[in-house]
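A.B. asks: I am sharing start_37.cif, which consists of mmCIF, C-alpha atoms (C1' of nucleotides):
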data_protein
loop_
_atom_site.group_PDB
_atom_site.id
_atom_site.type_symbol
_atom_site.label_atom_id
_atom_site.label_comp_id
_atom_site.auth_asym_id
_atom_site.auth_seq_id
_atom_site.Cartn_x
_atom_site.Cartn_y
_atom_site.Cartn_z
ATOM 1 C CA MET T 1 2.868 88.146 34.031
ATOM 2 C CA MET T 2 -0.133 90.244 33.153
ATOM 3 C CA GLU T 3 -3.367 88.441 32.441
ATOM 4 C CA THR T 4 -4.035 90.842 29.605
ATOM 5 C CA GLU T 5 -0.707 90.004 28.014
ATOM 6 C CA ILE T 6 -1.565 86.314 27.994
ATOM 7 C CA ARG T 7 -4.919 87.082 26.419
ATOM 8 C CA ARG T 8 -3.253 89.214 23.765
ATOM 9 C CA ALA T 9 -0.769 86.409 23.093
ATOM 10 C CA SER T 10 -3.588 83.879 22.676
ATOM 11 C CA GLU T 11 -5.460 86.189 20.376
ATOM 12 C CA ILE T 12 -2.338 86.627 18.267
ATOM 13 C CA LEU T 13 -1.906 82.862 17.941
ATOM 14 C CA LYS T 14 -5.538 82.430 16.986
ATOM 15 C CA ILE T 15 -5.297 85.014 14.228
ATOM 16 C CA LEU T 16 -2.025 83.598 12.939
ATOM 17 C CA ARG T 17 -3.634 80.154 12.704
ATOM 18 C CA GLU T 18 -6.421 81.650 10.632
ATOM 19 C CA ASN T 19 -4.027 83.467 8.321
ATOM 20 C CA PHE T 20 -1.252 80.949 7.724
ATOM 21 C CA THR T 21 -1.245 77.285 6.789
ATOM 22 C CA LEU T 22 1.118 75.177 8.840
ATOM 23 C CA PRO T 23 3.336 72.903 6.750
ATOM 24 C CA LYS T 24 2.605 69.300 7.697
ATOM 25 C CA TRP T 25 5.949 67.687 6.927
ATOM 26 C CA LEU T 26 8.128 69.489 9.428
ATOM 27 C CA SER T 27 8.173 67.058 12.327
ATOM 28 C CA SER T 28 8.214 63.775 10.447
ATOM 29 C CA ARG T 29 10.295 62.719 7.505
ATOM 30 C CA ARG T 30 13.819 63.101 8.805
ATOM 31 C CA ASP T 31 15.432 61.146 11.618
ATOM 32 C CA GLU T 32 17.374 62.775 14.453
ATOM 33 C CA PHE T 33 20.736 62.821 12.748
ATOM 34 C CA GLU T 34 19.344 64.101 9.475
ATOM 35 C CA THR T 35 17.545 66.814 11.393
ATOM 36 C CA LEU T 36 20.762 67.772 13.143
ATOM 37 C CA VAL T 37 22.594 67.913 9.822
ATOM 38 C CA VAL T 38 19.980 70.024 8.084
ATOM 39 C CA THR T 39 19.731 72.339 11.082
ATOM 40 C CA VAL T 40 23.476 72.930 11.158
ATOM 41 C CA ILE T 41 23.398 73.646 7.430
ATOM 42 C CA SER T 42 20.522 76.067 7.964
ATOM 43 C CA GLN T 43 22.483 78.225 10.421
ATOM 44 C CA ASN T 44 22.536 81.774 9.108
ATOM 45 C CA THR T 45 21.377 80.513 5.755
ATOM 46 C CA ALA T 46 18.313 80.960 3.573
ATOM 47 C CA ASP T 47 15.967 77.972 3.329
ATOM 48 C CA ARG T 48 16.392 77.435 -0.377
ATOM 49 C CA ASN T 49 20.142 77.169 -0.101
ATOM 50 C CA THR T 50 19.844 74.918 2.925
ATOM 51 C CA ALA T 51 17.620 72.557 0.953
ATOM 52 C CA LYS T 52 20.000 72.516 -1.995
ATOM 53 C CA ALA T 53 23.006 71.839 0.199
ATOM 54 C CA PHE T 54 21.234 69.023 2.020
ATOM 55 C CA GLU T 55 20.208 67.500 -1.286
ATOM 56 C CA ASN T 56 23.776 67.768 -2.593
ATOM 57 C CA LEU T 57 25.072 66.076 0.518
ATOM 58 C CA SER T 58 22.433 63.333 0.348
ATOM 59 C CA LYS T 59 23.497 62.510 -3.188
ATOM 60 C CA LYS T 60 27.096 62.040 -2.098
ATOM 61 C CA PHE T 61 26.535 60.185 1.145
ATOM 62 C CA PRO T 62 23.882 58.487 3.219
ATOM 63 C CA ILE T 63 23.136 60.998 5.967
ATOM 64 C CA THR T 64 24.358 58.808 8.811
ATOM 65 C CA PRO T 65 27.061 59.272 11.433
ATOM 66 C CA GLU T 66 28.940 56.336 9.895
ATOM 67 C CA ALA T 67 29.089 57.788 6.396
ATOM 68 C CA ILE T 68 29.636 61.414 7.342
ATOM 69 C CA SER T 69 32.380 60.641 9.848
ATOM 70 C CA LYS T 70 34.315 58.816 7.154
ATOM 71 C CA ALA T 71 33.650 61.307 4.382
ATOM 72 C CA ASP T 72 36.317 63.629 2.969
ATOM 73 C CA VAL T 73 35.857 67.112 4.378
ATOM 74 C CA SER T 74 36.439 68.477 0.890
ATOM 75 C CA LYS T 75 33.516 66.414 -0.451
ATOM 76 C CA ILE T 76 31.272 67.703 2.285
ATOM 77 C CA GLU T 77 32.441 71.250 1.580
ATOM 78 C CA GLU T 78 31.628 70.833 -2.077
ATOM 79 C CA ALA T 79 28.071 69.810 -1.244
ATOM 80 C CA LEU T 80 27.580 72.642 1.230
ATOM 81 C CA LYS T 81 29.096 75.443 -0.805
ATOM 82 C CA VAL T 82 25.721 76.734 -1.928
ATOM 83 C CA ALA T 83 24.667 77.269 1.689
ATOM 84 C CA GLY T 84 27.549 79.533 2.643
ATOM 85 C CA LEU T 85 29.821 79.202 5.712
ATOM 86 C CA TYR T 86 30.585 75.853 4.154
ATOM 87 C CA ARG T 87 34.078 75.256 5.516
ATOM 88 C CA ASN T 88 32.926 75.641 9.101
ATOM 89 C CA LYS T 89 29.816 73.582 8.536
ATOM 90 C CA ALA T 90 31.656 70.758 6.785
ATOM 91 C CA LYS T 91 34.137 70.533 9.642
ATOM 92 C CA THR T 92 31.347 70.706 12.188
ATOM 93 C CA LEU T 93 29.306 67.956 10.534
ATOM 94 C CA LYS T 94 32.231 65.608 10.371
ATOM 95 C CA LYS T 95 33.121 66.297 13.998
ATOM 96 C CA LEU T 96 29.510 65.773 15.041
ATOM 97 C CA ALA T 97 29.245 62.504 13.162
ATOM 98 C CA LYS T 98 32.441 61.205 14.759
ATOM 99 C CA LEU T 99 31.424 62.289 18.214
ATOM 100 C CA ILE T 100 27.977 60.789 17.953
ATOM 101 C CA LEU T 101 29.489 57.559 16.742
ATOM 102 C CA GLU T 102 32.141 57.391 19.435
ATOM 103 C CA GLU T 103 30.442 58.941 22.446
ATOM 104 C CA PHE T 104 26.759 58.278 21.851
ATOM 105 C CA GLY T 105 26.674 54.870 20.220
ATOM 106 C CA GLY T 106 25.913 56.301 16.794
ATOM 107 C CA SER T 107 22.548 57.779 17.645
ATOM 108 C CA LEU T 108 20.880 60.799 19.157
ATOM 109 C CA SER T 109 18.305 58.684 20.968
ATOM 110 C CA PHE T 110 19.389 60.301 24.236
ATOM 111 C CA ILE T 111 17.173 63.242 23.371
ATOM 112 C CA HIS T 112 14.183 60.968 23.980
ATOM 113 C CA GLU T 113 15.587 59.227 27.016
ATOM 114 C CA MET T 114 17.082 62.037 29.053
ATOM 115 C CA PRO T 115 14.987 64.574 30.925
ATOM 116 C CA PHE T 116 14.669 67.866 29.088
ATOM 117 C CA GLU T 117 17.394 69.870 30.839
ATOM 118 C CA GLU T 118 19.939 67.090 30.659
ATOM 119 C CA ALA T 119 19.201 66.428 26.993
ATOM 120 C CA ARG T 120 19.521 70.139 26.231
ATOM 121 C CA LYS T 121 22.825 70.442 28.082
ATOM 122 C CA THR T 122 24.164 67.412 26.277
ATOM 123 C CA LEU T 123 23.167 68.814 22.899
ATOM 124 C CA LEU T 124 24.743 72.172 23.764
ATOM 125 C CA SER T 125 28.017 70.420 24.526
ATOM 126 C CA LEU T 126 28.262 69.270 20.909
ATOM 127 C CA PRO T 127 30.338 71.325 18.450
ATOM 128 C CA GLY T 128 28.260 73.573 16.225
ATOM 129 C CA VAL T 129 25.191 73.090 18.383
ATOM 130 C CA GLY T 130 23.979 76.259 20.052
ATOM 131 C CA PRO T 131 20.622 76.967 21.674
ATOM 132 C CA LYS T 132 18.726 77.296 18.387
ATOM 133 C CA THR T 133 19.925 73.979 16.997
ATOM 134 C CA ALA T 134 19.454 72.209 20.328
ATOM 135 C CA ASP T 135 15.905 73.489 20.668
ATOM 136 C CA VAL T 136 15.028 72.456 17.114
ATOM 137 C CA LEU T 137 16.093 68.890 17.875
ATOM 138 C CA LEU T 138 14.282 68.900 21.211
ATOM 139 C CA LEU T 139 11.020 70.307 19.872
ATOM 140 C CA PHE T 140 10.828 68.647 16.465
ATOM 141 C CA LYS T 141 12.306 65.253 17.164
ATOM 142 C CA ALA T 142 11.873 64.684 20.884
ATOM 143 C CA LYS T 143 8.598 66.612 21.293
ATOM 144 C CA LYS T 144 10.047 68.356 24.313
ATOM 145 C CA PRO T 145 8.479 71.628 25.446
ATOM 146 C CA THR T 146 10.797 74.306 24.095
ATOM 147 C CA ILE T 147 10.594 77.088 21.509
ATOM 148 C CA PRO T 148 13.595 77.574 19.226
ATOM 149 C CA ILE T 149 14.247 81.292 18.845
ATOM 150 C CA ASP T 150 15.441 82.281 15.414
ATOM 151 C CA THR T 151 16.145 85.755 14.121
ATOM 152 C CA HIS T 152 12.549 86.281 12.957
ATOM 153 C CA ILE T 153 11.083 85.240 16.274
ATOM 154 C CA LYS T 154 13.558 87.443 18.092
ATOM 155 C CA ARG T 155 12.506 90.480 16.050
ATOM 156 C CA VAL T 156 8.771 89.752 16.106
ATOM 157 C CA SER T 157 8.778 89.137 19.859
ATOM 158 C CA LYS T 158 10.437 92.476 20.499
ATOM 159 C CA ARG T 159 8.100 94.361 18.185
ATOM 160 C CA LEU T 160 5.103 92.738 19.817
ATOM 161 C CA GLY T 161 6.418 93.921 23.151
ATOM 162 C CA PHE T 162 6.894 90.408 24.523
ATOM 163 C CA ALA T 163 10.549 91.164 25.200
ATOM 164 C CA PRO T 164 12.711 94.267 25.668
ATOM 165 C CA LYS T 165 15.041 95.354 22.857
ATOM 166 C CA ASP T 166 18.115 93.959 24.568
ATOM 167 C CA ALA T 167 16.552 90.590 25.409
ATOM 168 C CA ASP T 168 18.740 87.591 24.724
ATOM 169 C CA TYR T 169 17.854 84.131 23.459
ATOM 170 C CA GLU T 170 16.922 82.627 26.802
ATOM 171 C CA GLU T 171 14.873 85.592 27.903
ATOM 172 C CA ILE T 172 12.737 85.457 24.775
ATOM 173 C CA ARG T 173 12.357 81.712 24.912
ATOM 174 C CA GLU T 174 11.233 81.771 28.535
ATOM 175 C CA LYS T 175 8.806 84.603 27.896
ATOM 176 C CA LEU T 176 7.157 82.919 24.916
ATOM 177 C CA GLN T 177 6.968 79.635 26.765
ATOM 178 C CA ALA T 178 5.313 81.376 29.676
ATOM 179 C CA LEU T 179 2.806 83.073 27.391
ATOM 180 C CA TYR T 180 1.787 79.884 25.618
ATOM 181 C CA SER T 181 0.929 76.350 26.559
ATOM 182 C CA PRO T 182 3.403 73.583 25.614
ATOM 183 C CA LYS T 183 0.960 72.023 23.181
ATOM 184 C CA ASP T 184 1.179 75.219 21.135
ATOM 185 C CA TYR T 185 4.981 75.614 21.128
ATOM 186 C CA PHE T 186 5.374 74.012 17.741
ATOM 187 C CA ASP T 187 2.725 76.214 16.122
ATOM 188 C CA VAL T 188 4.046 79.342 17.850
ATOM 189 C CA HIS T 189 7.527 78.676 16.500
ATOM 190 C CA ILE T 190 6.350 78.115 12.930
ATOM 191 C CA LEU T 191 3.720 80.844 12.846
ATOM 192 C CA LEU T 192 5.929 83.585 14.292
ATOM 193 C CA ILE T 193 8.533 82.800 11.655
ATOM 194 C CA MET T 194 5.884 82.948 8.925
ATOM 195 C CA LEU T 195 4.670 86.255 10.311
ATOM 196 C CA GLY T 196 8.211 87.611 10.411
ATOM 197 C CA ARG T 197 8.873 86.616 6.827
ATOM 198 C CA LYS T 198 5.680 87.888 5.317
ATOM 199 C CA TYR T 199 4.803 91.007 7.305
ATOM 200 C CA CYS T 200 7.091 91.751 10.211
ATOM 201 C CA LYS T 201 10.254 91.977 8.151
ATOM 202 C CA ALA T 202 13.472 93.481 9.405
ATOM 203 C CA ARG T 203 13.723 96.400 6.996
ATOM 204 C CA LYS T 204 10.362 97.001 5.407
ATOM 205 C CA PRO T 205 7.670 95.709 7.700
ATOM 206 C CA ASN T 206 4.226 95.701 6.128
ATOM 207 C CA CYS T 207 2.246 96.625 9.211
ATOM 208 C CA LYS T 208 -0.697 97.913 7.214
ATOM 209 C CA ASP T 209 -1.536 94.446 5.905
ATOM 210 C CA CYS T 210 -0.374 92.529 8.959
ATOM 211 C CA PRO T 211 -3.249 90.432 10.339
ATOM 212 C CA ILE T 212 -2.317 91.189 13.942
ATOM 213 C CA ASN T 213 -1.496 94.870 13.605
ATOM 214 C CA ASN T 214 -4.076 96.025 16.124
ATOM 215 C CA LEU T 215 -2.557 93.695 18.679
ATOM 216 C CA CYS T 216 0.863 95.224 18.090
ATOM 217 C CA PRO T 217 1.942 98.159 20.284
ATOM 218 C CA LYS T 218 4.401 99.316 17.614
ATOM 219 C CA TYR T 219 1.618 99.722 15.081
ATOM 220 C CA ARG T 220 -0.854 101.398 17.388
ATOM 221 C CA GLU T 221 1.695 104.046 18.382
ATOM 222 C CA ALA T 222 2.131 105.090 14.776
ATOM 223 C "C1'" DG W 223 26.264 96.713 -5.971
ATOM 224 C "C1'" DC W 224 23.751 96.282 -1.866
ATOM 225 C "C1'" DC W 225 20.763 94.183 1.271
ATOM 226 C "C1'" DC W 226 18.592 90.290 2.966
ATOM 227 C "C1'" DA W 227 18.232 85.325 3.926
ATOM 228 C "C1'" DG W 228 19.980 83.595 8.985
ATOM 229 C "C1'" DG W 229 23.788 80.822 14.507
ATOM 230 C "C1'" DT W 230 27.895 79.483 16.522
ATOM 231 C "C1'" DG W 231 32.490 79.826 18.219
ATOM 232 C "C1'" DG W 232 36.699 81.996 19.166
ATOM 233 C "C1'" DG W 233 39.096 85.981 20.429
ATOM 234 C "C1'" DT W 234 39.806 90.228 23.172
ATOM 235 C "C1'" DA W 235 39.226 93.546 27.049
ATOM 236 C "C1'" DT Z 236 31.089 88.084 31.295
ATOM 237 C "C1'" DA Z 237 30.432 90.976 27.571
ATOM 238 C "C1'" DC Z 238 31.097 92.349 23.259
ATOM 239 C "C1'" DC Z 239 32.977 91.773 18.316
ATOM 240 C "C1'" DC Z 240 34.194 89.483 14.575
ATOM 241 C "C1'" DA Z 241 34.742 85.540 11.182
ATOM 242 C "C1'" DC Z 242 32.447 82.479 8.608
ATOM 243 C "C1'" DA Z 243 30.282 82.748 2.877
ATOM 244 C "C1'" DT Z 244 26.742 81.893 -0.632
ATOM 245 C "C1'" DG Z 245 22.465 83.128 -3.476
ATOM 246 C "C1'" DG Z 246 18.338 85.793 -4.761
ATOM 247 C "C1'" DG Z 247 15.708 90.275 -5.096
#
Would you write out, as structure tokens, the structure that this file holds?
C.D. replies:
Amino acid sequence: MMETEIRRASEILKILRENFTLPKWLSSRRDEFETLVVTVISQNTADRNTAKAFENLSKKFPITPEAISKADVSKIEEALKVAGLYRNKAKTLKKLAKLILEEFGGSLSFIHEMPFEEARKTLLSLPGVGPKTADVLLLFKAKKPTIPIDTHIKRVSKRLGFAPKDADYEEIREKLQALYSPKDYFDVHILLIMLGRKYCKARKPNCKDCPINNLCPKYREA
DNA sequence: GCCCAGGTGGGTA
DNA sequence: TACCCACATGGG
């Protein structure tokens, strides 16, 4: 990897830190299972609707493998309706709760105990858990060195020239992790999403006001 | 009315 | 393996 690319990446992070305020609550607050539940709900879903759905579900049930595994799928569906894809997600959550109860002793503590790769593989074997969801659990709850790649990060990384247009999830994750130090993975994840939402949008990017536009090859071309 | 928010799994070639 | 589609709601 080019030395200059690493320097550009560091400069980008520095400027993002100066321009965005990191929310403090993200890593604490919820336990592993709650985090899994909210992350599944969040799949392909706007944050506001995710929050509403999680709140709805919390009012109906304690967010535990015990309660969710016993819950009526229709009740879970009702709570999740606002988030969209609710039939799939309701089924997935119930399956996950059951599986965690029966195969993992009712807890996701293995994400702390297993080495990173094993923990990730185990998470990926769970229904409804793909790379994004697995990496969220690993980074936020187990403090493992990984960067969840969501749609914003995918887009921003390509525009910044960190990854080719056809790059897949793993390629982008590995590239970002190589560009940054593990202690910064959390901030990189959050800040790139914030950048993507505010300036580097899919349809109407606001490059003119973007705080890192002169570090962006796309902008300098134009 | 349309576009955006925004991952995973199952099917087909 | 590599695509392609289904899943579904809410706000601007």
A.B. asks: Define the interface residues of chain W facing chain T as those within 9 Å, counting only C-alpha atoms (C1' of nucleotides), and report them as a list in words.
C.D. replies: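 Within 9 Å of chain T on chain W, we get DC226, DA227, DG228, DG229, DT230 and DG231 of chain W.
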A.B. asks: Determine the residue membership of the PyMOL selection byres ((chain T) within 8 of (chain Z)) for the file above and supply it as a list in words.
C.D. replies: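 Taken over the shown coordinates, the PyMOL selection byres ((chain T) within 8 of (chain Z)) returns Asn49, Lys81, Val82, Ala83, Gly84, Leu85, Tyr86 and Asn88 of chain T.
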A.B. asks: Would you mind exporting C-alpha atoms of the selected residues as a PDB file, in the frame of the given file?
C.D. replies:
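Result went into selection_18.pdb, see below:
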ATOM      1  CA  ASN T  49      20.142  77.169  -0.101  1.00  0.00           C
ATOM      2  CA  LYS T  81      29.096  75.443  -0.805  1.00  0.00           C
ATOM      3  CA  VAL T  82      25.721  76.734  -1.928  1.00  0.00           C
ATOM      4  CA  ALA T  83      24.667  77.269   1.689  1.00  0.00           C
ATOM      5  CA  GLY T  84      27.549  79.533   2.643  1.00  0.00           C
ATOM      6  CA  LEU T  85      29.821  79.202   5.712  1.00  0.00           C
ATOM      7  CA  TYR T  86      30.585  75.853   4.154  1.00  0.00           C
ATOM      8  CA  ASN T  88      32.926  75.641   9.101  1.00  0.00           C
TER       9      ASN T  88
END
A.B. asks: Got a sec: who's within 12 Å of Asp72 (chain T), counting all atoms listed in the file, leaving out chain neighbours fewer than 2 positions off, as a PyMOL selection string?
C.D. replies: chain T and resi 57+60-61+67-70+74-79+90-91+93-95
A.B. asks: One number please: CA of Phe104 (chain T) to CA of Glu117 (chain T), in Å, one decimal.
C.D. replies: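 Computing it gives 17.4 Å between the two atoms.
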A.B. asks: Residues picked by the PyMOL selection byres ((chain T and resi 158) around 12) here, as a short mmCIF file (atom, residue, chain, number, x, y, z; two decimals) with C-alpha atoms, in the frame of the given file?
C.D. replies:
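So the final result, stored in result.cif, reads:
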data_model
loop_
_atom_site.label_atom_id
_atom_site.label_comp_id
_atom_site.auth_asym_id
_atom_site.auth_seq_id
_atom_site.Cartn_x
_atom_site.Cartn_y
_atom_site.Cartn_z
CA ILE T 149 14.25 81.29 18.84
CA THR T 151 16.14 85.76 14.12
CA HIS T 152 12.55 86.28 12.96
CA ILE T 153 11.08 85.24 16.27
CA LYS T 154 13.56 87.44 18.09
CA ARG T 155 12.51 90.48 16.05
CA VAL T 156 8.77 89.75 16.11
CA SER T 157 8.78 89.14 19.86
CA ARG T 159 8.10 94.36 18.18
CA LEU T 160 5.10 92.74 19.82
CA GLY T 161 6.42 93.92 23.15
CA PHE T 162 6.89 90.41 24.52
CA ALA T 163 10.55 91.16 25.20
CA PRO T 164 12.71 94.27 25.67
CA LYS T 165 15.04 95.35 22.86
CA ASP T 166 18.11 93.96 24.57
CA ALA T 167 16.55 90.59 25.41
CA ASP T 168 18.74 87.59 24.72
CA TYR T 169 17.85 84.13 23.46
CA GLU T 171 14.87 85.59 27.90
CA ILE T 172 12.74 85.46 24.78
CA ARG T 173 12.36 81.71 24.91
CA LYS T 175 8.81 84.60 27.90
CA LEU T 176 7.16 82.92 24.92
CA LEU T 192 5.93 83.58 14.29
CA GLY T 196 8.21 87.61 10.41
CA CYS T 200 7.09 91.75 10.21
CA ALA T 202 13.47 93.48 9.40
CA CYS T 216 0.86 95.22 18.09
CA PRO T 217 1.94 98.16 20.28
CA LYS T 218 4.40 99.32 17.61
#
